[in-house]
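Accompanying notes for the structure given below.
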Amino acid sequence: MNIVIFTLSAGLALAAGAACAQETPQALAERGRYIATASDCVACHTGPGGKPFAGNHVIASPVGGIVATNITPSVTHGIGSYTEEQFSDAVRRGIRADGANLYPAMPYTAFSKITDEDMQALYAYFMTAVEPVDEAGAETALPFPFGIRASMIGWNLLFRDTATFEPDPSKSEEWNRGAYLAEGPGHCSACHTPRGLLMQEDGSRFLAGAQVGPWHAPNITSDPEAGIGSWSKDEIIAYLGTGRAEGKAQAGGSMAEAVEHSFSKLTPEDLGAIATYLADVPAVSGPARFGQGRPGNMAASFRGLDGMPGGLARGAQIYSANCASCHGFDGQGTADQYYPSLYGNSATGGPEAANFIAAVLNGVDRETAEGHVFMPPFGTQPNAFNSLSDDEIAALAAYVSASYGDGSFAVTPDDVAEIRAGGPASGLLLWVRWLMGAAGLAVLILAGVAGLAKRRRMAA
Ligand code: HEC
Ligand code: HEC
Ligand code: HEC
């Protein structure tokens, strides 16, 4: 009997050793699943209510929708006939199997850092473990000149870096793992780095904060005031893993989605590695956002008094009627901070009001292993009992900033209307700039090529 157990376990140990030396197809696909999770492929490539990776998710632009396509291994409607090289070119270079350029709405600029080994695993996962879905989705059809995918060639020449991740030997293994996850699969910079004139990421202000639709992805550099340099490693791990760092910040909007589908499913070691890397990202300074404000409610002090600042008195009333039930009469939240305090909070601390406005309008809805977090939206149903007008939200913002922040919000009803409509010109102007820039570059390059050809002809 003992001998049987001994031979069994020895056999198992041998099998395990063999698996390490040569990864089984299942283990390879499993590793690929993890990379796909870290890259959040599912968030963009799944339509509303649709099957995972079946595409049909339209990303709005002013000149038409750009569709994240079906990337299930369906031969008829997905990427079932992609070779490993074609798949790698799409994900890391932005080149489709038919040779056409993808728009950088697909974050190939970050994914270019994914290593060859991980790319192989990702391919194995998509080809063998993802359910094929033989369904056609909407198609991208942008009008001239934006529809010319070749216009991205010029943009790529200028801004695409095709180097895969190279570890920095002067840093620890943990730092390098974090750098890889953050810069490559996790594509933090796609949202957190401000963009230049042609929609390229501004490398000199890496992770210094940018507007993404109605929400603002804040400065997450190591600056202690404007960035997250004052956060402990555990706080960053908690934020990425659950969407909240108590007394500091909580994840709404696109960050809530990234936490829900991607970061909360990474191992604690990997989240720790990302935190270690972030602590080392060069600081970019700006207004302070943390530790501002104090508990209190000015509603009582305004009662029956003449000549009090009208905006603040009105804001205090709106707060008491709509927000105090959860965030506390004094803005202190609940003891367990399931309903967070509004002072000492990154959403109210500095002059940047977008996340305050977006949270009030859209609410917060996030599901992780820790549970469901829900704040109702006050802006989506115009006639609901709890709907607030642009004017009311502007008054509320002034009050909340004065009480629970540093008083520097300067929110007009027009600002609220803008966020309600999806963000500063819905990021629409940005898209126009980006596409026009790309198209303009293409024209310049064509003109250059034509000029060269002409000169050659004249020389001949
Ligand atoms: C931020 C959104 C976003 C994320 C994240 C994303 N994609 Fe995409 N992807 C897109 C969009 C949008 C397109 C279509 C772009 C176009 O048509 O120019 C696309 C296109 C593609 C294509 C080309 C498919 C075709 O039509 O032939 C492949 C393959 C692909 N993505 C794979 C992936 C994989 C694998 C991941 C995760 C590692 C991923 N994508 C993550 C937005 C995204
Ligand atoms: C799809 C866009 C997107 C991606 C990708 C993304 N973020 Fe965010 N992030 C946001 C937004 C928007 C917020 C603000 C959320 C809020 O306050 O409700 C945010 C907030 C944060 C915060 C809280 C900062 C503060 O001061 O309140 C941290 C930390 C953070 N992100 C880290 C990361 C890291 C690390 C990555 C990559 C591993 C990443 N994010 C990827 C959009 C994104
Ligand atoms: C039914 C309870 C409830 C009500 C009412 C409520 N909230 Fe919230 N609020 C929450 C919850 C839950 C969260 C998210 C906590 C988390 O993410 O961990 C939240 C988050 C926030 C945030 C942070 C959002 C971010 O992304 O950083 C702000 C700001 C906020 N609420 C302001 C308000 C204001 C102003 C009102 C009144 C108009 C209000 N809330 C009403 C429950 C509520």
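Chain lettering (A, B, ...) mirrors the order of the structure tokens, residue numbering begins at 1 for each chain separately, and ligand numbering begins at 1 in order of display.
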*asked:* Would you pick out the contacts of region 271-277 of chain A at 7 Å or less, using only C-alpha atoms, so that residues sharing its chain but fewer than 3 positions from it are not included, and give the list as a PyMOL selection string?
replied: chain A and resi 174-175+177-179+181-182+233+236-237+266-268+280-281
*Find the residues near ligand 3. Use a cut-off of 8 Å, count only C-alpha atoms and all ligand atoms, and write them as a PyMOL selection string.*
chain A and resi 243-244+249-253+318-319+321-327+337-340+342+345-348+355-360+363-366+373-376+378+388+393+396-397+400
*Neighbourhood of ligand 1 at 6 Å, counting only C-alpha atoms and all ligand atoms, reported as a PyMOL selection string*: chain A and resi 36+39-41+44+66-69+71+87+90-91+96+102-103+105-107
*Taking the DSSP assignment computed from this structure's backbone, write out as a PyMOL selection string all residues of region 159-349 of chain A that belong to strand (DSSP E).*
chain A and resi 210-212+215-217+244-245+249-250
Keeping N, CA, C and O atoms, export the residues of the selection given above as a PDB file, in the first residue's frame.
```pdb
ATOM      1  N   ALA A 210      -5.422  62.405 -17.326  1.00  0.00           N
ATOM      2  CA  ALA A 210      -6.079  62.772 -18.587  1.00  0.00           C
ATOM      3  C   ALA A 210      -7.576  62.543 -18.479  1.00  0.00           C
ATOM      4  O   ALA A 210      -8.038  61.733 -17.673  1.00  0.00           O
ATOM      5  N   GLN A 211      -8.318  63.285 -19.308  1.00  0.00           N
ATOM      6  CA  GLN A 211      -9.762  63.124 -19.340  1.00  0.00           C
ATOM      7  C   GLN A 211     -10.094  61.958 -20.276  1.00  0.00           C
ATOM      8  O   GLN A 211      -9.587  61.887 -21.389  1.00  0.00           O
ATOM      9  N   VAL A 212     -10.918  61.010 -19.814  1.00  0.00           N
ATOM     10  CA  VAL A 212     -11.396  59.930 -20.693  1.00  0.00           C
ATOM     11  C   VAL A 212     -12.916  59.926 -20.654  1.00  0.00           C
ATOM     12  O   VAL A 212     -13.505  59.397 -19.711  1.00  0.00           O
ATOM     13  N   TRP A 215     -15.129  60.919 -17.303  1.00  0.00           N
ATOM     14  CA  TRP A 215     -14.297  60.741 -16.112  1.00  0.00           C
ATOM     15  C   TRP A 215     -12.900  61.257 -16.337  1.00  0.00           C
ATOM     16  O   TRP A 215     -12.425  61.318 -17.456  1.00  0.00           O
ATOM     17  N   HIS A 216     -12.215  61.571 -15.247  1.00  0.00           N
ATOM     18  CA  HIS A 216     -10.832  62.021 -15.310  1.00  0.00           C
ATOM     19  C   HIS A 216      -9.951  60.948 -14.689  1.00  0.00           C
ATOM     20  O   HIS A 216     -10.126  60.607 -13.525  1.00  0.00           O
ATOM     21  N   ALA A 217      -9.031  60.398 -15.471  1.00  0.00           N
ATOM     22  CA  ALA A 217      -8.068  59.428 -14.935  1.00  0.00           C
ATOM     23  C   ALA A 217      -6.949  60.236 -14.289  1.00  0.00           C
ATOM     24  O   ALA A 217      -6.172  60.869 -14.990  1.00  0.00           O
ATOM     25  N   ARG A 244     -11.269  50.333  -4.141  1.00  0.00           N
ATOM     26  CA  ARG A 244     -11.308  51.399  -3.138  1.00  0.00           C
ATOM     27  C   ARG A 244     -10.082  51.358  -2.232  1.00  0.00           C
ATOM     28  O   ARG A 244      -9.608  50.286  -1.862  1.00  0.00           O
ATOM     29  N   ALA A 245      -9.578  52.540  -1.923  1.00  0.00           N
ATOM     30  CA  ALA A 245      -8.545  52.668  -0.900  1.00  0.00           C
ATOM     31  C   ALA A 245      -9.157  53.579   0.148  1.00  0.00           C
ATOM     32  O   ALA A 245      -9.430  54.751  -0.115  1.00  0.00           O
ATOM     33  N   ALA A 249      -9.629  57.080  -2.140  1.00  0.00           N
ATOM     34  CA  ALA A 249     -10.261  57.128  -3.462  1.00  0.00           C
ATOM     35  C   ALA A 249     -11.070  55.871  -3.723  1.00  0.00           C
ATOM     36  O   ALA A 249     -10.871  54.842  -3.066  1.00  0.00           O
ATOM     37  N   GLN A 250     -12.001  55.978  -4.688  1.00  0.00           N
ATOM     38  CA  GLN A 250     -12.750  54.816  -5.121  1.00  0.00           C
ATOM     39  C   GLN A 250     -12.892  54.861  -6.638  1.00  0.00           C
ATOM     40  O   GLN A 250     -12.788  55.918  -7.238  1.00  0.00           O
TER      41      GLN A 250
END
```
*Could you give me the residues within region 210-333 of chain A that DSSP places in alpha helix (DSSP H), as number ranges by chain?*
A: 233-242, 253-261, 268-278, 299-302, 310-322, 324-327
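Checking A:Ser403, A:Gln317, A:Thr380, A:Ser264 one by one against ligand 2, counting only C-alpha atoms and all ligand atoms, you find the shortest gap at A:Ser264.
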*Between atom 25 (C, counted along the ligand's line) of ligand 2 and CA of Tyr239 (chain A), measure the distance and give it in Å to one decimal.*
9.1 Å
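If only C-alpha atoms and all ligand atoms are the atoms counted, then among A:Ala421, A:Ala60, A:Ala258, A:Ala29 the closest residue to ligand 2 is A:Ala258.
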*Nearest to ligand 2 among A:Leu240, A:Ala129, A:Ile148, A:Leu28, with distances taken over only C-alpha atoms and all ligand atoms: which residue is it?*
A:Leu240
*Could you tell me which of A:Gly405, A:Gly55, A:Pro287, A:Pro214 comes closest to Ala354 (chain A) if we count only C-alpha atoms?*
A:Pro214
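Note that CA of Glu352 (chain A) and CA of Ser222 (chain A) are 18.4 Å apart.
Closest approach to Asp223 (chain A) among A:Phe290, A:Tyr123, A:Phe159, A:Tyr180: A:Phe290, based on only C-alpha atoms.
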*Calculate how many Å separate CA of Glu418 (chain A) from CA of Gly213 (chain A), rounding to one decimal.*
10.0 Å
